[in-house]
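Have a look at structure-v1.cif below; it lists mmCIF, C-alpha atoms.
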```
data_coords
loop_
_atom_site.label_atom_id
_atom_site.label_comp_id
_atom_site.auth_asym_id
_atom_site.auth_seq_id
_atom_site.Cartn_x
_atom_site.Cartn_y
_atom_site.Cartn_z
CA MET L 1 40.36 -76.80 67.44
CA ASN L 2 37.47 -74.41 68.09
CA ALA L 3 38.74 -73.77 71.61
CA LEU L 4 42.21 -72.96 70.26
CA LEU L 5 40.75 -70.50 67.74
CA ASP L 6 38.67 -68.87 70.51
CA THR L 7 41.77 -68.48 72.66
CA LEU L 8 43.79 -66.98 69.80
CA GLY L 9 40.96 -64.58 68.93
CA ALA L 10 40.60 -63.45 72.52
CA THR L 11 44.37 -62.94 72.80
CA VAL L 12 44.49 -60.83 69.63
CA ILE L 13 41.53 -58.69 70.65
CA GLY L 14 42.84 -58.33 74.20
CA ALA L 15 46.30 -57.35 72.94
CA MET L 16 44.85 -54.73 70.59
CA PHE L 17 42.72 -53.38 73.39
CA MET L 18 45.67 -53.14 75.78
CA LEU L 19 47.82 -51.45 73.14
CA THR L 20 45.10 -48.88 72.52
CA ILE L 21 44.81 -48.16 76.24
CA LEU L 22 48.56 -47.79 76.76
CA ASN L 23 49.01 -45.66 73.64
CA SER L 24 46.15 -43.38 74.65
CA LEU L 25 47.47 -42.97 78.17
CA PHE L 26 50.94 -42.17 76.87
CA ASN L 27 49.53 -39.55 74.49
CA VAL L 28 47.52 -37.95 77.28
CA GLN L 29 50.62 -37.86 79.48
CA ALA L 30 52.67 -36.29 76.66
CA ILE L 31 50.03 -33.62 76.07
CA SER L 32 49.84 -32.88 79.79
CA THR L 33 53.62 -32.47 79.93
CA ASN L 34 53.49 -30.08 76.99
CA PHE L 35 50.81 -28.08 78.77
CA GLN L 36 52.93 -27.87 81.88
CA ARG L 37 55.82 -26.63 79.75
CA GLN L 38 53.56 -24.08 78.10
CA ILE L 39 52.51 -22.76 81.52
CA ASN L 40 56.19 -22.60 82.58
CA LEU L 41 56.99 -20.72 79.37
CA LEU L 42 54.16 -18.26 80.08
CA ASP L 43 55.56 -17.69 83.56
CA GLN L 44 59.14 -17.32 82.32
CA THR L 45 58.10 -14.91 79.56
CA GLU L 46 56.36 -12.73 82.11
CA ARG L 47 59.48 -12.66 84.29
CA VAL L 48 61.74 -11.87 81.32
CA THR L 49 59.56 -9.04 80.01
CA ASN L 50 59.16 -7.54 83.48
CA ILE L 51 62.91 -7.49 84.11
CA LEU L 52 63.67 -6.13 80.64
CA ASP L 53 61.03 -3.46 81.15
CA THR L 54 61.47 -2.35 84.74
CA TYR L 55 65.18 -2.97 85.33
CA TYR L 56 67.15 -2.58 82.11
CA LEU L 57 65.03 -0.40 79.83
CA SER L 58 64.05 1.94 82.66
CA ALA L 59 67.74 2.77 83.06
CA ALA L 60 68.01 4.26 79.54
CA GLY L 61 69.24 7.83 79.84
CA ARG L 62 69.11 7.86 83.63
CA SER L 63 71.60 10.40 85.10
CA LEU L 64 72.69 11.45 81.62
CA SER L 65 72.23 14.71 79.76
CA SER L 66 69.64 14.52 77.01
CA ASN L 67 72.24 16.06 74.68
CA SER L 68 74.55 13.06 74.95
CA SER L 69 74.34 10.00 72.72
CA ILE L 70 72.32 7.75 74.96
CA ILE L 71 71.21 5.22 72.36
CA THR L 72 74.18 3.85 70.46
CA ARG L 73 72.53 1.08 68.47
CA ALA L 74 68.91 0.56 67.42
CA LYS L 75 68.29 -2.45 65.20
CA GLU L 76 65.42 -4.86 64.68
CA ASP L 77 66.97 -7.42 67.05
CA ARG L 78 69.42 -5.33 69.05
CA PHE L 79 69.14 -2.29 71.29
CA THR L 80 72.18 -0.71 72.95
CA PHE L 81 71.99 2.27 75.24
CA ARG L 82 73.64 3.99 78.20
CA GLY L 83 72.20 4.82 81.57
CA GLU L 84 72.65 4.53 85.29
CA LEU L 85 72.28 0.99 86.55
CA ASP L 86 73.01 0.12 90.19
CA GLY L 87 74.73 3.46 90.81
CA ASN L 88 77.03 3.59 87.78
CA ILE L 89 76.69 4.66 84.17
CA ARG L 90 76.65 1.44 82.13
CA LEU L 91 76.42 0.37 78.53
CA ILE L 92 73.44 -1.98 78.27
CA ASP L 93 73.09 -4.19 75.22
CA ILE L 94 69.97 -6.31 74.57
CA ARG L 95 70.73 -8.66 71.71
CA THR L 96 70.36 -12.10 70.19
CA GLY L 97 73.36 -14.30 69.45
CA ALA L 98 74.07 -16.82 66.70
CA ILE L 99 71.46 -19.50 66.10
CA ASP L 100 71.80 -22.66 68.19
CA THR L 101 71.28 -25.41 65.63
CA LEU L 102 70.55 -28.03 68.26
CA ARG L 103 67.70 -26.02 69.76
CA ASN L 104 66.84 -24.26 66.50
CA ALA L 105 66.53 -21.01 68.45
CA TYR L 106 68.37 -17.76 69.05
CA PRO L 107 69.74 -16.89 72.49
CA LEU L 108 68.49 -13.54 73.76
CA ALA L 109 70.62 -11.97 76.48
CA VAL L 110 71.38 -8.66 78.15
CA TYR L 111 75.02 -7.57 78.32
CA VAL L 112 76.15 -4.85 80.74
CA ASP L 113 79.51 -3.26 79.88
CA GLY L 114 80.23 -6.23 77.61
CA THR L 115 79.54 -8.91 80.21
CA LYS L 116 76.49 -11.13 80.07
CA ASP L 117 74.19 -10.03 82.87
CA TYR L 118 70.87 -11.75 82.12
CA GLY L 119 69.96 -14.67 79.90
CA PRO L 120 70.08 -16.41 77.60
CA PHE L 121 66.43 -16.94 76.76
CA TRP L 122 65.57 -18.86 73.66
CA VAL L 123 63.59 -17.07 71.00
CA SER L 124 62.14 -18.83 67.97
CA THR L 125 63.67 -18.78 64.51
CA THR L 126 60.46 -18.16 62.62
CA ASN L 127 56.85 -17.36 63.28
CA ASP L 128 53.77 -16.27 61.42
CA ASP L 129 54.74 -12.62 61.49
CA ALA L 130 57.98 -13.40 59.66
CA TYR L 131 60.38 -12.02 62.20
CA ASP L 132 63.06 -13.99 63.98
CA GLY L 133 61.81 -14.33 67.53
CA ILE L 134 62.41 -10.69 68.40
CA ARG L 135 61.41 -7.45 66.69
CA ILE L 136 61.97 -4.04 68.20
CA THR L 137 60.16 -1.09 66.65
CA TYR L 138 61.28 2.44 67.52
CA TYR L 139 59.09 5.56 67.78
CA ASP L 140 59.78 9.27 68.16
CA LYS L 141 58.13 11.71 70.56
CA THR L 142 54.97 11.98 68.48
CA GLY L 143 54.62 8.24 67.98
CA ASN L 144 55.92 8.07 64.41
CA THR L 145 57.85 4.90 63.49
CA LEU L 146 61.56 5.40 62.81
CA SER L 147 62.90 3.24 59.98
CA TYR L 148 65.82 0.89 60.62
CA SER L 149 67.85 2.42 57.78
CA ASN L 150 67.50 5.94 59.22
CA LEU L 151 68.36 4.67 62.69
CA GLN L 152 71.94 4.11 61.56
CA ASN L 153 72.38 7.87 62.08
CA GLN L 154 72.98 9.03 65.64
CA SER L 155 70.82 12.13 65.06
CA ILE L 156 67.82 9.88 64.28
CA ARG L 157 68.59 7.56 67.21
CA ASN L 158 68.48 10.63 69.47
CA GLN L 159 64.81 10.99 68.47
CA ILE L 160 63.82 7.60 69.95
CA ARG L 161 61.37 8.00 72.81
CA SER L 162 59.53 4.68 72.91
CA LEU L 163 59.86 1.08 71.77
CA LYS L 164 57.67 -1.84 70.93
CA PHE L 165 59.16 -5.22 71.84
CA GLU L 166 57.73 -8.26 70.08
CA LEU L 167 59.08 -11.50 71.49
CA GLU L 168 58.42 -15.15 70.79
CA LEU L 169 60.03 -17.41 73.35
CA VAL L 170 60.28 -21.09 72.61
CA TYR L 171 60.52 -24.30 74.61
CA GLU L 172 61.26 -27.71 73.12
CA THR L 173 58.28 -30.01 72.89
CA TYR L 174 58.10 -33.27 74.82
CA ARG L 175 57.67 -35.40 71.73
CA GLU L 176 58.27 -34.41 68.15
CA ASP L 177 56.63 -37.44 66.56
CA MET L 178 53.09 -36.44 67.56
CA ARG L 179 52.90 -33.54 65.12
CA ALA L 180 53.34 -31.43 68.24
CA MET L 181 55.17 -28.19 67.58
CA ASP L 182 57.60 -26.59 70.01
CA ASN L 183 55.90 -24.68 72.77
CA LYS L 184 55.97 -21.00 71.84
CA HIS L 185 54.71 -17.88 73.48
CA GLN L 186 54.39 -14.52 71.76
CA ILE L 187 54.24 -11.38 73.82
CA THR L 188 54.35 -7.72 72.87
CA PHE L 189 55.15 -4.95 75.28
CA TRP L 190 55.86 -1.25 74.99
CA LYS L 191 58.37 0.89 76.80
CA TYR L 192 58.30 4.67 77.01
CA LEU L 193 61.77 5.89 77.89
CA THR L 194 60.63 8.54 80.34
CA ASN L 195 64.19 9.73 81.12
CA LEU L 196 64.46 10.85 77.51
CA TYR L 197 61.24 12.88 77.78
CA LEU L 198 62.69 15.04 80.56
CA MET R 1 34.89 -66.51 71.96
CA GLY R 2 31.33 -66.66 73.16
CA THR R 3 28.72 -63.97 72.69
CA GLY R 4 28.87 -63.10 76.38
CA GLN R 5 32.63 -62.63 76.30
CA MET R 6 32.36 -60.53 73.16
CA LEU R 7 29.79 -58.29 74.82
CA LEU R 8 32.04 -57.85 77.86
CA VAL R 9 34.95 -56.81 75.61
CA MET R 10 32.67 -54.36 73.78
CA LEU R 11 31.50 -52.95 77.10
CA ALA R 12 35.11 -52.46 78.23
CA VAL R 13 35.93 -50.67 74.97
CA ILE R 14 32.94 -48.36 75.37
CA LEU R 15 33.81 -47.58 79.00
CA PHE R 16 37.43 -46.86 78.16
CA SER R 17 36.41 -44.65 75.22
CA THR R 18 34.19 -42.64 77.55
CA ILE R 19 37.05 -42.13 80.00
CA LEU R 20 39.41 -41.17 77.18
CA LEU R 21 36.93 -38.67 75.70
CA THR R 22 36.50 -37.08 79.14
CA MET R 23 40.26 -36.81 79.54
CA TYR R 24 40.66 -35.12 76.15
CA SER R 25 37.78 -32.80 76.95
CA ASN R 26 39.49 -31.79 80.20
CA ILE R 27 42.75 -31.23 78.35
CA GLN R 28 40.92 -29.01 75.87
CA ASP R 29 39.51 -27.01 78.79
CA GLN R 30 43.04 -26.57 80.17
CA ALA R 31 44.22 -25.35 76.77
CA ARG R 32 41.51 -22.70 76.83
CA VAL R 33 42.53 -21.60 80.31
CA ILE R 34 46.15 -21.23 79.16
CA GLU R 35 45.08 -19.29 76.05
CA ARG R 36 42.87 -17.03 78.17
CA ALA R 37 45.71 -16.34 80.61
CA ARG R 38 48.03 -15.52 77.69
CA THR R 39 45.45 -13.16 76.19
CA MET R 40 44.82 -11.43 79.52
CA LEU R 41 48.55 -10.88 80.11
CA GLN R 42 48.82 -9.33 76.66
CA GLY R 43 45.80 -7.13 77.37
CA GLN R 44 47.38 -5.85 80.57
CA LYS R 45 50.52 -4.95 78.64
CA ILE R 46 48.41 -2.96 76.18
CA ALA R 47 46.75 -1.05 79.03
CA ASP R 48 50.18 -0.44 80.56
CA LYS R 49 51.28 1.01 77.22
CA TYR R 50 48.59 3.71 77.44
CA PHE R 51 49.42 4.48 81.07
CA GLN R 52 53.12 4.81 80.17
CA GLN R 53 52.26 6.99 77.19
CA ILE R 54 50.18 9.38 79.28
CA GLU R 55 52.91 9.64 81.92
CA ALA R 56 55.63 10.25 79.31
CA GLU R 57 53.55 12.85 77.48
CA LEU R 58 52.93 14.70 80.73
CA ILE R 59 56.60 14.58 81.72
CA GLY R 60 57.73 15.67 78.26
CA ASN R 61 55.08 18.41 77.94
CA VAL R 62 53.78 16.77 74.78
CA HIS R 63 50.26 17.34 76.15
CA THR R 64 49.03 19.41 79.06
CA PHE R 65 47.01 17.90 81.89
CA SER R 66 43.77 19.28 80.47
CA GLU R 67 44.63 18.06 76.97
CA ILE R 68 45.10 14.52 78.36
CA ASN R 69 41.65 14.84 79.93
CA SER R 70 40.19 15.96 76.64
CA ILE R 71 41.91 13.23 74.57
CA TYR R 72 40.95 10.33 76.83
CA SER R 73 37.43 11.47 77.74
CA ASN R 74 36.16 9.92 74.55
CA PHE R 75 38.85 7.49 73.49
CA SER R 76 38.68 4.08 71.88
CA GLU R 77 41.16 2.27 69.67
CA ILE R 78 41.86 -1.17 68.21
CA VAL R 79 45.36 -2.54 68.81
CA THR R 80 46.33 -5.59 66.75
CA VAL R 81 48.79 -7.96 68.42
CA ASN R 82 49.59 -11.45 67.11
CA ASN R 83 46.66 -11.27 64.70
CA SER R 84 44.18 -10.52 67.51
CA ASP R 85 42.28 -7.24 67.67
CA TYR R 86 42.26 -5.80 71.19
CA HIS R 87 39.44 -3.27 71.53
CA VAL R 88 40.67 -0.61 73.94
CA ARG R 89 38.20 1.83 75.45
CA CYS R 90 38.81 4.57 77.98
CA GLU R 91 35.96 4.22 80.45
CA ARG R 92 36.72 7.39 82.35
CA ALA R 93 39.11 10.35 82.35
CA GLU R 94 38.00 12.41 85.29
CA TYR R 95 39.60 14.85 87.71
CA CYS R 96 39.90 13.38 91.18
CA ASN R 97 41.75 13.71 94.45
CA LYS R 98 45.03 11.91 95.20
CA ASN R 99 43.11 8.80 96.27
CA GLY R 100 41.20 8.63 93.01
CA ASN R 101 37.89 9.78 94.49
CA THR R 102 35.54 11.84 92.35
CA PRO R 103 34.07 14.40 91.94
CA VAL R 104 36.42 17.10 93.21
CA ALA R 105 36.65 20.84 92.69
CA SER R 106 40.36 20.95 91.81
CA ASN R 107 42.12 19.69 88.69
CA ASP R 108 45.32 18.49 90.35
CA TYR R 109 44.79 14.77 89.84
CA GLN R 110 43.16 12.74 87.12
CA LEU R 111 41.72 9.22 87.15
CA ILE R 112 42.02 7.32 83.91
CA GLU R 113 40.34 3.94 83.41
CA PHE R 114 40.60 1.45 80.57
CA SER R 115 38.73 -1.67 79.59
CA ILE R 116 39.76 -4.06 76.83
CA TRP R 117 38.04 -6.93 75.08
CA VAL R 118 39.29 -9.35 72.46
CA ILE R 119 38.23 -12.51 70.65
CA ASP R 120 40.86 -15.17 71.41
CA ALA R 121 42.08 -18.12 69.33
CA TYR R 122 39.14 -20.27 70.51
CA GLN R 123 36.68 -17.58 69.40
CA ASP R 124 35.89 -16.83 73.04
CA SER R 125 35.41 -13.25 74.14
CA VAL R 126 38.02 -12.28 76.75
CA VAL R 127 37.49 -9.16 78.83
CA ILE R 128 40.43 -7.44 80.55
CA GLY R 129 38.95 -4.80 82.81
CA THR R 130 35.28 -3.87 82.59
CA SER R 131 33.35 -0.63 83.03
CA SER R 132 32.61 -1.66 86.62
CA SER R 133 36.13 -3.04 87.33
CA PRO R 134 38.46 -1.20 84.96
CA LEU R 135 42.24 -1.00 84.81
CA GLN R 136 42.88 2.37 86.41
CA LYS R 137 45.63 4.80 87.34
CA VAL R 138 45.75 8.22 88.97
CA PHE R 139 47.96 10.88 87.37
CA ALA R 140 49.13 14.07 89.02
CA ASP R 141 49.45 17.43 87.29
CA MET R 142 53.16 18.05 87.76
CA GLU R 143 52.83 21.72 86.85
CA PHE R 144 50.59 22.66 89.75
#
```
Kindly transcribe the structure held in the file into structure tokens.
Amino acid sequence: MNALLDTLGATVIGAMFMLTILNSLFNVQAISTNFQRQINLLDQTERVTNILDTYYLSAAGRSLSSNSSIITRAKEDRFTFRGELDGNIRLIDIRTGAIDTLRNAYPLAVYVDGTKDYGPFWVSTTNDDAYDGIRITYYDKTGNTLSYSNLQNQSIRNQIRSLKFELELVYETYREDMRAMDNKHQITFWKYLTNLYL
Amino acid sequence: MGTGQMLLVMLAVILFSTILLTMYSNIQDQARVIERARTMLQGQKIADKYFQQIEAELIGNVHTFSEINSIYSNFSEIVTVNNSDYHVRCERAEYCNKNGNTPVASNDYQLIEFSIWVIDAYQDSVVIGTSSSPLQKVFADMEF
């Protein structure tokens, strides 16, 4: 009887020990995967911001008279402007679409002449700064902030000379039952529209 | 279960715990590296903002070349991004030649250097550009 009890005790302790090992290893693997995703997100964010900055936003007002209406829409989450891109005057629209309920994120994309040209990239629905994944702030020549309500007027939009882009890109987490949040990456960059300074 | 067996099980638990603690410690180190990389990328974007601003203000005649020199000769500012305070300091605004060498007799080119430091989410100090290795750019006086 004693031998049977010893065997049962050893089995129980051994099983608990094995479960602890396997659970720990799985958790470590899950965390490592999340880290890899975070690094990928960092890399992707850098690519997205660079292309937005150097390719699309640099085209604003290029080959156009400063008297014309270059910027046609300037909202918190949408910026539409005209300029020369790849040899032709285009209408470039940087905007978020409707929320994707499955991903719980907004798609951010760039449309050129109404056709999707770049994207989508998923931006978060909420963050600590209480904006929805993207916030564009507009400034005039002297660096004063232009309010969104005033920017409904074309005459005020013509005063825009620089922007601040605040983005929070998001990537689904590997496991949601570990209190792990989605991988997110916030980045802020500025763009001075030099063509409009000329 | 005998005392010897029990001790062996305890030893195995202790050894495994040590390995696990080391693994978590390494993961924590990786998290810090990622956070540092994120902070440094943001810092570079802040420095780029100032370089863009100077270029735009020169193109748009908002400031003259000498005014830029005067403004940035003694310039420091705190930029708050994502609840972190980035301390921006202009290390040097000095006339130079087209290769950035100083001192020179003419005022045709100007070397501007920035350094930035910030306390990151792990309360570590992150430096992006230092006084000895700053983020730098040479600007030309387009009116000369």
Item to check | At most 10 Å to chain L: residues in chain R, all atoms listed in the file, as a PyMOL selection string | outcome: chain R and resi 1-2+5-6+9+12-13+16-17+20+23-24+27+30-31+34-35+37-39+41-62+81-83
Using the selection just defined, write its residues with C-alpha atoms as a PDB file, in the coordinates of the input.
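Output saved as result_19.pdb:
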```pdb
ATOM      1  CA  MET R   1      34.890 -66.510  71.960  1.00  0.00           C
ATOM      2  CA  GLY R   2      31.330 -66.660  73.160  1.00  0.00           C
ATOM      3  CA  GLN R   5      32.630 -62.630  76.300  1.00  0.00           C
ATOM      4  CA  MET R   6      32.360 -60.530  73.160  1.00  0.00           C
ATOM      5  CA  VAL R   9      34.950 -56.810  75.610  1.00  0.00           C
ATOM      6  CA  ALA R  12      35.110 -52.460  78.230  1.00  0.00           C
ATOM      7  CA  VAL R  13      35.930 -50.670  74.970  1.00  0.00           C
ATOM      8  CA  PHE R  16      37.430 -46.860  78.160  1.00  0.00           C
ATOM      9  CA  SER R  17      36.410 -44.650  75.220  1.00  0.00           C
ATOM     10  CA  LEU R  20      39.410 -41.170  77.180  1.00  0.00           C
ATOM     11  CA  MET R  23      40.260 -36.810  79.540  1.00  0.00           C
ATOM     12  CA  TYR R  24      40.660 -35.120  76.150  1.00  0.00           C
ATOM     13  CA  ILE R  27      42.750 -31.230  78.350  1.00  0.00           C
ATOM     14  CA  GLN R  30      43.040 -26.570  80.170  1.00  0.00           C
ATOM     15  CA  ALA R  31      44.220 -25.350  76.770  1.00  0.00           C
ATOM     16  CA  ILE R  34      46.150 -21.230  79.160  1.00  0.00           C
ATOM     17  CA  GLU R  35      45.080 -19.290  76.050  1.00  0.00           C
ATOM     18  CA  ALA R  37      45.710 -16.340  80.610  1.00  0.00           C
ATOM     19  CA  ARG R  38      48.030 -15.520  77.690  1.00  0.00           C
ATOM     20  CA  THR R  39      45.450 -13.160  76.190  1.00  0.00           C
ATOM     21  CA  LEU R  41      48.550 -10.880  80.110  1.00  0.00           C
ATOM     22  CA  GLN R  42      48.820  -9.330  76.660  1.00  0.00           C
ATOM     23  CA  GLY R  43      45.800  -7.130  77.370  1.00  0.00           C
ATOM     24  CA  GLN R  44      47.380  -5.850  80.570  1.00  0.00           C
ATOM     25  CA  LYS R  45      50.520  -4.950  78.640  1.00  0.00           C
ATOM     26  CA  ILE R  46      48.410  -2.960  76.180  1.00  0.00           C
ATOM     27  CA  ALA R  47      46.750  -1.050  79.030  1.00  0.00           C
ATOM     28  CA  ASP R  48      50.180  -0.440  80.560  1.00  0.00           C
ATOM     29  CA  LYS R  49      51.280   1.010  77.220  1.00  0.00           C
ATOM     30  CA  TYR R  50      48.590   3.710  77.440  1.00  0.00           C
ATOM     31  CA  PHE R  51      49.420   4.480  81.070  1.00  0.00           C
ATOM     32  CA  GLN R  52      53.120   4.810  80.170  1.00  0.00           C
ATOM     33  CA  GLN R  53      52.260   6.990  77.190  1.00  0.00           C
ATOM     34  CA  ILE R  54      50.180   9.380  79.280  1.00  0.00           C
ATOM     35  CA  GLU R  55      52.910   9.640  81.920  1.00  0.00           C
ATOM     36  CA  ALA R  56      55.630  10.250  79.310  1.00  0.00           C
ATOM     37  CA  GLU R  57      53.550  12.850  77.480  1.00  0.00           C
ATOM     38  CA  LEU R  58      52.930  14.700  80.730  1.00  0.00           C
ATOM     39  CA  ILE R  59      56.600  14.580  81.720  1.00  0.00           C
ATOM     40  CA  GLY R  60      57.730  15.670  78.260  1.00  0.00           C
ATOM     41  CA  ASN R  61      55.080  18.410  77.940  1.00  0.00           C
ATOM     42  CA  VAL R  62      53.780  16.770  74.780  1.00  0.00           C
ATOM     43  CA  VAL R  81      48.790  -7.960  68.420  1.00  0.00           C
ATOM     44  CA  ASN R  82      49.590 -11.450  67.110  1.00  0.00           C
ATOM     45  CA  ASN R  83      46.660 -11.270  64.700  1.00  0.00           C
TER      46      ASN R  83
END
```
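The residues caught by the PyMOL selection byres ((chain L and resi 57) around 9) in this file are Ile51, Leu52, Asp53, Thr54, Tyr55, Tyr56, Ser58, Ala59, Ala60, Phe81, Ile92, Lys191, Tyr192 and Leu193 of chain L.
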Item to check | Resolved residues for the PyMOL selection byres ((chain L and resi 74) around 8) as number ranges by chain | outcome: L: 71-73, 75-76, 78-80, 138, 148, 151-152, 157
Item to check | Residues within 10 Å of (38.2, 6.1, 83.2), counting only C-alpha atoms, listed as a list in words | outcome: Asn69, Tyr72, Ser73, Asn74, Phe75, Arg89, Cys90, Glu91, Arg92, Ala93, Glu94, Tyr95, Gln110, Leu111, Ile112, Glu113, Phe114, Ser115, Ser131, Pro134, Leu135, Gln136, Lys137 and Val138 of chain R
Next on the checklist: Just want the 6 Å neighbourhood of range 101-116 of chain L, counted on only C-alpha atoms, with same-chain residues fewer than 6 positions away dropped. Output as a PyMOL selection string.
Outcome noted: chain L and resi 90-95+122-125
Would you give the centre and edge lengths, in Å to one decimal, of a box along x, y and z around the listed atoms of range 104-114 of chain R, with 3 Å added to each side, as AutoDock Vina command-line options?
```
--center_x 40.9 --center_y 11.2 --center_z 86.9 --size_x 14.9 --size_y 25.5 --size_z 18.6
```
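Minimum atom-to-atom distance to Ala140 in chain R, evaluated using only C-alpha atoms, belongs to R:Asn97 out of R:Thr80, R:Thr22, R:Ser125, R:Asn97.
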Checklist entry - For Gln159 in chain L, which of L:Gly83, L:Ser68, L:Asn183, L:Tyr118 is the closest residue, counting all atoms listed in the file? => result L:Ser68
Restrict the output to range 48-119 of chain R and C-alpha atoms, then write it as a short mmCIF file (atom, residue, chain, number, x, y, z; two decimals), in the first residue's frame.
```
data_model
loop_
_atom_site.label_atom_id
_atom_site.label_comp_id
_atom_site.auth_asym_id
_atom_site.auth_seq_id
_atom_site.Cartn_x
_atom_site.Cartn_y
_atom_site.Cartn_z
CA ASP R 48 14.51 66.07 -39.03
CA LYS R 49 11.64 68.40 -38.14
CA TYR R 50 14.10 71.17 -37.22
CA PHE R 51 16.19 70.60 -40.35
CA GLN R 52 13.03 70.78 -42.50
CA GLN R 53 11.89 73.90 -40.67
CA ILE R 54 15.18 75.70 -41.27
CA GLU R 55 15.17 74.75 -44.96
CA ALA R 56 11.54 75.86 -45.42
CA GLU R 57 12.13 79.15 -43.60
CA LEU R 58 15.13 79.88 -45.79
CA ILE R 59 13.24 79.01 -48.99
CA GLY R 60 10.21 81.04 -47.92
CA ASN R 61 12.27 84.02 -46.70
CA VAL R 62 10.71 83.68 -43.27
CA HIS R 63 14.21 84.17 -41.83
CA THR R 64 17.43 85.30 -43.44
CA PHE R 65 20.57 83.19 -43.34
CA SER R 66 22.07 85.32 -40.57
CA GLU R 67 18.82 85.23 -38.58
CA ILE R 68 18.91 81.40 -38.69
CA ASN R 69 22.46 81.58 -37.35
CA SER R 70 21.35 83.89 -34.58
CA ILE R 71 18.27 81.81 -33.63
CA TYR R 72 20.06 78.46 -33.48
CA SER R 73 23.32 79.64 -31.92
CA ASN R 74 21.73 79.39 -28.52
CA PHE R 75 18.73 77.15 -29.00
CA SER R 76 17.18 74.50 -26.79
CA GLU R 77 13.62 73.25 -26.58
CA ILE R 78 11.56 70.43 -25.08
CA VAL R 79 9.32 68.53 -27.51
CA THR R 80 6.72 66.24 -25.94
CA VAL R 81 5.80 63.19 -28.00
CA ASN R 82 3.77 60.26 -26.66
CA ASN R 83 4.15 61.57 -23.10
CA SER R 84 7.96 61.63 -23.36
CA ASP R 85 9.92 64.87 -23.15
CA TYR R 86 12.63 65.06 -25.81
CA HIS R 87 15.23 67.65 -24.82
CA VAL R 88 16.48 69.20 -28.04
CA ARG R 89 19.65 71.28 -28.02
CA CYS R 90 21.43 72.94 -30.91
CA GLU R 91 25.09 72.13 -30.35
CA ARG R 92 26.39 74.38 -33.08
CA ALA R 93 25.20 76.88 -35.69
CA GLU R 94 28.35 77.97 -37.41
CA TYR R 95 29.32 79.27 -40.84
CA CYS R 96 31.31 76.71 -42.79
CA ASN R 97 32.35 75.73 -46.29
CA LYS R 98 30.31 73.41 -48.52
CA ASN R 99 31.90 70.37 -46.87
CA GLY R 100 30.92 71.50 -43.40
CA ASN R 101 34.45 72.48 -42.35
CA THR R 102 34.92 75.39 -39.98
CA PRO R 103 36.07 78.10 -39.47
CA VAL R 104 35.74 79.93 -42.77
CA ALA R 105 35.82 83.58 -43.78
CA SER R 106 32.63 83.54 -45.88
CA ASN R 107 29.02 83.18 -44.75
CA ASP R 108 27.76 81.14 -47.70
CA TYR R 109 27.18 77.88 -45.84
CA GLN R 110 26.10 77.07 -42.33
CA LEU R 111 26.56 73.93 -40.24
CA ILE R 112 23.78 73.19 -37.79
CA GLU R 113 24.06 70.38 -35.24
CA PHE R 114 21.50 68.95 -32.84
CA SER R 115 21.62 66.57 -29.93
CA ILE R 116 18.59 65.12 -28.17
CA TRP R 117 18.10 63.21 -24.94
CA VAL R 118 15.02 61.66 -23.41
CA ILE R 119 13.99 59.42 -20.53
#
```
